[in-house]
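model.pdb (PDB, C-alpha atoms)
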ATOM      1  CA  GLU A   1       0.000   0.000   0.000  1.00  0.00           C
ATOM      2  CA  VAL A   2       2.815   2.397   0.828  1.00  0.00           C
ATOM      3  CA  GLU A   3       4.355   1.837  -2.611  1.00  0.00           C
ATOM      4  CA  GLN A   4       1.051   2.753  -4.257  1.00  0.00           C
ATOM      5  CA  LEU A   5       0.028   5.682  -2.049  1.00  0.00           C
ATOM      6  CA  CYS A   6       3.218   7.560  -1.178  1.00  0.00           C
ATOM      7  CA  ASP A   7       5.458   9.794  -3.256  1.00  0.00           C
ATOM      8  CA  ARG A   8       8.183   9.828  -0.593  1.00  0.00           C
ATOM      9  CA  VAL A   9       8.998   7.523   2.290  1.00  0.00           C
ATOM     10  CA  ALA A  10      11.295   7.944   5.293  1.00  0.00           C
ATOM     11  CA  ILE A  11      12.530   4.943   7.251  1.00  0.00           C
ATOM     12  CA  LEU A  12      13.537   5.587  10.849  1.00  0.00           C
ATOM     13  CA  ARG A  13      15.726   3.506  13.132  1.00  0.00           C
ATOM     14  CA  ASP A  14      15.967   4.527  16.766  1.00  0.00           C
ATOM     15  CA  GLY A  15      14.598   7.960  15.852  1.00  0.00           C
ATOM     16  CA  VAL A  16      17.158   8.560  13.086  1.00  0.00           C
ATOM     17  CA  VAL A  17      16.299   8.667   9.371  1.00  0.00           C
ATOM     18  CA  VAL A  18      18.252   5.809   7.744  1.00  0.00           C
ATOM     19  CA  ALA A  19      16.660   6.063   4.279  1.00  0.00           C
ATOM     20  CA  GLU A  20      14.469   8.565   2.519  1.00  0.00           C
ATOM     21  CA  GLY A  21      13.145   8.925  -0.992  1.00  0.00           C
ATOM     22  CA  ALA A  22      10.626   7.715  -3.511  1.00  0.00           C
ATOM     23  CA  PRO A  23       9.549   4.103  -2.921  1.00  0.00           C
ATOM     24  CA  ARG A  24      10.965   3.110  -6.339  1.00  0.00           C
ATOM     25  CA  SER A  25      14.412   4.490  -5.481  1.00  0.00           C
ATOM     26  CA  LEU A  26      14.431   2.666  -2.130  1.00  0.00           C
ATOM     27  CA  LEU A  27      13.494  -0.560  -3.881  1.00  0.00           C
ATOM     28  CA  ARG A  28      16.351  -0.172  -6.392  1.00  0.00           C
ATOM     29  CA  GLU A  29      18.845  -0.356  -3.536  1.00  0.00           C
ATOM     30  CA  GLY A  30      17.807  -3.955  -2.873  1.00  0.00           C
ATOM     31  CA  GLU A  31      18.001  -5.109  -6.484  1.00  0.00           C
ATOM     32  CA  ARG A  32      20.374  -7.800  -7.600  1.00  0.00           C
ATOM     33  CA  LEU A  33      20.789 -10.136 -10.529  1.00  0.00           C
ATOM     34  CA  PHE A  34      20.420 -13.901 -10.406  1.00  0.00           C
ATOM     35  CA  VAL A  35      22.705 -15.231 -13.151  1.00  0.00           C
ATOM     36  CA  ARG A  36      22.548 -18.946 -14.015  1.00  0.00           C
ATOM     37  CA  PHE A  37      25.089 -20.791 -16.131  1.00  0.00           C
ATOM     38  CA  ASP A  38      25.145 -24.313 -17.538  1.00  0.00           C
ATOM     39  CA  THR A  39      28.046 -25.415 -15.327  1.00  0.00           C
ATOM     40  CA  PRO A  40      29.535 -24.556 -11.939  1.00  0.00           C
ATOM     41  CA  ALA A  41      32.867 -23.881 -13.676  1.00  0.00           C
ATOM     42  CA  GLU A  42      31.255 -21.088 -15.701  1.00  0.00           C
ATOM     43  CA  SER A  43      29.734 -19.508 -12.593  1.00  0.00           C
ATOM     44  CA  ALA A  44      33.115 -19.613 -10.812  1.00  0.00           C
ATOM     45  CA  ALA A  45      34.744 -17.988 -13.859  1.00  0.00           C
ATOM     46  CA  ALA A  46      32.019 -15.307 -13.873  1.00  0.00           C
ATOM     47  CA  VAL A  47      32.746 -14.374 -10.247  1.00  0.00           C
ATOM     48  CA  ALA A  48      36.418 -13.950 -11.176  1.00  0.00           C
ATOM     49  CA  VAL A  49      35.629 -11.965 -14.346  1.00  0.00           C
ATOM     50  CA  LEU A  50      33.301  -9.566 -12.553  1.00  0.00           C
ATOM     51  CA  GLY A  51      35.925  -9.008  -9.858  1.00  0.00           C
ATOM     52  CA  ASN A  52      35.876  -5.284  -9.072  1.00  0.00           C
ATOM     53  CA  ALA A  53      33.019  -4.490 -11.483  1.00  0.00           C
ATOM     54  CA  ALA A  54      30.381  -5.917  -9.141  1.00  0.00           C
ATOM     55  CA  THR A  55      30.004  -8.013  -6.021  1.00  0.00           C
ATOM     56  CA  ALA A  56      29.211 -11.519  -7.222  1.00  0.00           C
ATOM     57  CA  THR A  57      28.729 -14.534  -4.966  1.00  0.00           C
ATOM     58  CA  PRO A  58      27.655 -18.122  -5.565  1.00  0.00           C
ATOM     59  CA  ALA A  59      23.879 -18.426  -5.335  1.00  0.00           C
ATOM     60  CA  GLY A  60      23.710 -22.070  -4.347  1.00  0.00           C
ATOM     61  CA  PRO A  61      25.457 -24.500  -2.066  1.00  0.00           C
ATOM     62  CA  ASN A  62      28.586 -26.407  -3.099  1.00  0.00           C
ATOM     63  CA  GLY A  63      29.627 -24.173  -5.988  1.00  0.00           C
ATOM     64  CA  GLY A  64      26.388 -24.336  -7.954  1.00  0.00           C
ATOM     65  CA  ALA A  65      25.934 -23.024 -11.477  1.00  0.00           C
ATOM     66  CA  ALA A  66      24.415 -19.671 -10.418  1.00  0.00           C
ATOM     67  CA  ILE A  67      25.642 -16.426  -8.910  1.00  0.00           C
ATOM     68  CA  LEU A  68      24.048 -13.360  -7.343  1.00  0.00           C
ATOM     69  CA  VAL A  69      25.376 -10.019  -8.553  1.00  0.00           C
ATOM     70  CA  GLU A  70      24.757  -7.028  -6.291  1.00  0.00           C
ATOM     71  CA  VAL A  71      23.942  -4.333  -8.869  1.00  0.00           C
ATOM     72  CA  PRO A  72      20.841  -2.337  -9.799  1.00  0.00           C
ATOM     73  CA  ALA A  73      18.698  -3.802 -12.583  1.00  0.00           C
ATOM     74  CA  VAL A  74      19.775  -0.996 -14.933  1.00  0.00           C
ATOM     75  CA  ASP A  75      23.271  -2.537 -14.916  1.00  0.00           C
ATOM     76  CA  ALA A  76      22.084  -5.935 -16.200  1.00  0.00           C
ATOM     77  CA  SER A  77      23.129  -5.267 -19.790  1.00  0.00           C
ATOM     78  CA  ARG A  78      26.565  -4.031 -18.660  1.00  0.00           C
ATOM     79  CA  ILE A  79      27.073  -7.205 -16.630  1.00  0.00           C
ATOM     80  CA  ASN A  80      25.924  -9.359 -19.562  1.00  0.00           C
ATOM     81  CA  ARG A  81      28.351  -7.559 -21.941  1.00  0.00           C
ATOM     82  CA  THR A  82      31.213  -8.005 -19.463  1.00  0.00           C
ATOM     83  CA  LEU A  83      30.513 -11.720 -19.183  1.00  0.00           C
ATOM     84  CA  ALA A  84      30.081 -12.148 -22.953  1.00  0.00           C
ATOM     85  CA  GLY A  85      33.374 -10.311 -23.515  1.00  0.00           C
ATOM     86  CA  ALA A  86      35.042 -13.031 -21.440  1.00  0.00           C
ATOM     87  CA  GLY A  87      33.318 -15.809 -23.406  1.00  0.00           C
ATOM     88  CA  LEU A  88      30.744 -16.499 -20.694  1.00  0.00           C
ATOM     89  CA  HIS A  89      27.125 -16.708 -21.813  1.00  0.00           C
ATOM     90  CA  PRO A  90      24.533 -17.032 -19.031  1.00  0.00           C
ATOM     91  CA  ALA A  91      21.589 -19.346 -19.557  1.00  0.00           C
ATOM     92  CA  GLU A  92      19.438 -16.965 -17.493  1.00  0.00           C
ATOM     93  CA  ILE A  93      19.610 -13.487 -15.995  1.00  0.00           C
ATOM     94  CA  THR A  94      16.769 -12.557 -13.662  1.00  0.00           C
ATOM     95  CA  ILE A  95      16.265  -9.354 -11.711  1.00  0.00           C
ATOM     96  CA  GLN A  96      15.466  -9.951  -8.059  1.00  0.00           C
ATOM     97  CA  ARG A  97      13.763  -7.147  -6.172  1.00  0.00           C
ATOM     98  CA  GLN A  98      12.902  -6.881  -2.522  1.00  0.00           C
ATOM     99  CA  SER A  99       9.573  -5.665  -1.271  1.00  0.00           C
ATOM    100  CA  LEU A 100       9.452  -2.326   0.525  1.00  0.00           C
ATOM    101  CA  GLU A 101       8.737  -4.306   3.694  1.00  0.00           C
ATOM    102  CA  ALA A 102      11.957  -6.307   3.218  1.00  0.00           C
ATOM    103  CA  VAL A 103      13.939  -3.088   2.663  1.00  0.00           C
ATOM    104  CA  PHE A 104      12.405  -1.666   5.853  1.00  0.00           C
ATOM    105  CA  ARG A 105      13.365  -4.781   7.847  1.00  0.00           C
ATOM    106  CA  GLU A 106      16.889  -4.770   6.436  1.00  0.00           C
ATOM    107  CA  LEU A 107      17.421  -1.140   7.386  1.00  0.00           C
ATOM    108  CA  THR A 108      15.832  -1.290  10.833  1.00  0.00           C
ATOM    109  CA  ILE A 109      16.886  -4.655  12.253  1.00  0.00           C
ATOM    110  CA  GLU A 110      20.499  -5.456  13.014  1.00  0.00           C
ATOM    111  CA  SER A 111      21.689  -8.720  11.493  1.00  0.00           C
ATOM    112  CA  ASP A 112      22.771 -10.082  14.886  1.00  0.00           C
ATOM    113  CA  GLU A 113      19.652  -8.867  16.683  1.00  0.00           C
ATOM    114  CA  ARG A 114      17.675 -11.529  18.490  1.00  0.00           C
ATOM    115  CA  PRO A 115      14.231 -11.231  20.012  1.00  0.00           C
ATOM    116  CA  GLY A 116      14.437  -9.589  23.366  1.00  0.00           C
ATOM    117  CA  PRO A 117      15.068  -6.170  24.848  1.00  0.00           C
ATOM    118  CA  VAL A 118      16.466  -3.429  22.667  1.00  0.00           C
ATOM    119  CA  ALA A 119      20.102  -2.611  23.435  1.00  0.00           C
ATOM    120  CA  GLY A 120      20.265   0.129  26.041  1.00  0.00           C
ATOM    121  CA  ALA A 121      16.616  -0.281  27.033  1.00  0.00           C
ATOM    122  CA  ALA A 122      15.657  -1.244  30.540  1.00  0.00           C
ATOM    123  CA  ALA A 123      14.605  -4.850  30.963  1.00  0.00           C
ATOM    124  CA  PRO A 124      10.864  -5.298  31.391  1.00  0.00           C
ATOM    125  CA  ASP A 125       9.712  -5.563  34.982  1.00  0.00           C
ATOM    126  CA  HIS A 126       7.754  -8.819  35.362  1.00  0.00           C
ATOM    127  CA  ARG A 127       7.206  -8.528  39.135  1.00  0.00           C
ATOM    128  CA  PRO A 128       3.592  -8.553  40.311  1.00  0.00           C
ATOM    129  CA  GLN A 129       2.272  -5.057  40.955  1.00  0.00           C
TER     130      GLN A 129
END

Here is the file; what I need is its structure written in the form of structure tokens.
Amino acid sequence: EVEQLCDRVAILRDGVVVAEGAPRSLLREGERLFVRFDTPAESAAAVAVLGNAATATPAGPNGGAAILVEVPAVDASRINRTLAGAGLHPAEITIQRQSLEAVFRELTIESDERPGPVAGAAAPDHRPQ
């Protein structure tokens, strides 16, 4: 609903604005490419070829034939040209986007946070009143 109704969104964490902008621009920050090859050797070569051009990591366990490339969708053709220039031809390139809710969670919840009291907050008093 927020994506459809709002022109601008601000995301707060502990009272501090951590992201602000149009919903579409916030969603672009969570975009990445799923790139599948025919063999695990090709996907490993692709990670090496992309090197400094983009952050690429294996997408599956045990050196599978797919990688995730952390770039906005608008860079998909650049990534494809870079791979093709190295003789690597993906079988599939898919844009993966997060929902605005997922972006919100990512920006407001620490990765090592576990359910329980917020750091620095007083522990709840469970004594009978």

Best match for closeness to Asn52 in chain A among A:Ala73, A:Val2, A:Ala84, A:Ile79, counting only C-alpha atoms: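 Nearest to Asn52 in chain A: A:Ile79.
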
Between CA of Glu70 in chain A and CA of Gln96 in chain A, distance in Å (one decimal): 9.9 Å

Distance criterion (all atoms listed in the file): nearest to Ser99 in chain A out of A:Ala66, A:Ala86, A:Ala56, A:Leu27: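 Looking at the shortest contact to Ser99 in chain A, the residue is A:Leu27.
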
Option closest in space to Gly30 in chain A, from A:Ile109, A:Pro72, A:Pro90, A:Leu5 [counting only C-alpha atoms]: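 Of A:Ile109, A:Pro72, A:Pro90, A:Leu5, the one nearest Gly30 in chain A, counting only C-alpha atoms, is A:Pro72.
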
Chain and number of each residue from the PyMOL selection byres ((chain A and resi 55) around 12), as a list in words: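 This file, filtered by the PyMOL selection byres ((chain A and resi 55) around 12), leaves Arg32, Leu33, Ala46, Val47, Ala48, Val49, Leu50, Gly51, Asn52, Ala53, Ala54, Ala56, Thr57, Pro58, Ile67, Leu68, Val69, Glu70, Val71, Pro72 and Ile79 of chain A.
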
Go ahead and write the selection's residues with C-alpha atoms as a tab-separated table (two decimals), in the frame of the given file.
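Printed below is result_1.tsv as written:
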chain	number	residue	atom	x	y	z
A	32	ARG	CA	20.37	-7.80	-7.60
A	33	LEU	CA	20.79	-10.14	-10.53
A	46	ALA	CA	32.02	-15.31	-13.87
A	47	VAL	CA	32.75	-14.37	-10.25
A	48	ALA	CA	36.42	-13.95	-11.18
A	49	VAL	CA	35.63	-11.96	-14.35
A	50	LEU	CA	33.30	-9.57	-12.55
A	51	GLY	CA	35.92	-9.01	-9.86
A	52	ASN	CA	35.88	-5.28	-9.07
A	53	ALA	CA	33.02	-4.49	-11.48
A	54	ALA	CA	30.38	-5.92	-9.14
A	56	ALA	CA	29.21	-11.52	-7.22
A	57	THR	CA	28.73	-14.53	-4.97
A	58	PRO	CA	27.66	-18.12	-5.56
A	67	ILE	CA	25.64	-16.43	-8.91
A	68	LEU	CA	24.05	-13.36	-7.34
A	69	VAL	CA	25.38	-10.02	-8.55
A	70	GLU	CA	24.76	-7.03	-6.29
A	71	VAL	CA	23.94	-4.33	-8.87
A	72	PRO	CA	20.84	-2.34	-9.80
A	79	ILE	CA	27.07	-7.20	-16.63

Cut-off 12 Å around (30.9, -20.5, -24.8) with all atoms listed in the file: residues as number ranges by chain: A: 37-39, 41-42, 45, 83-91

Atomic distance CA of Glu106 in chain A - CA of Arg13 in chain A, expressed in Å with one decimal: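 Answer for the CA of Glu106 in chain A to CA of Arg13 in chain A separation: 10.7 Å.
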
Selected residue, from A:Phe104, A:Asp7, A:Ala44, A:Glu29, that lies nearest to Val74 in chain A when counting only C-alpha atoms: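 Of all the options, A:Glu29 lies closest to Val74 in chain A.
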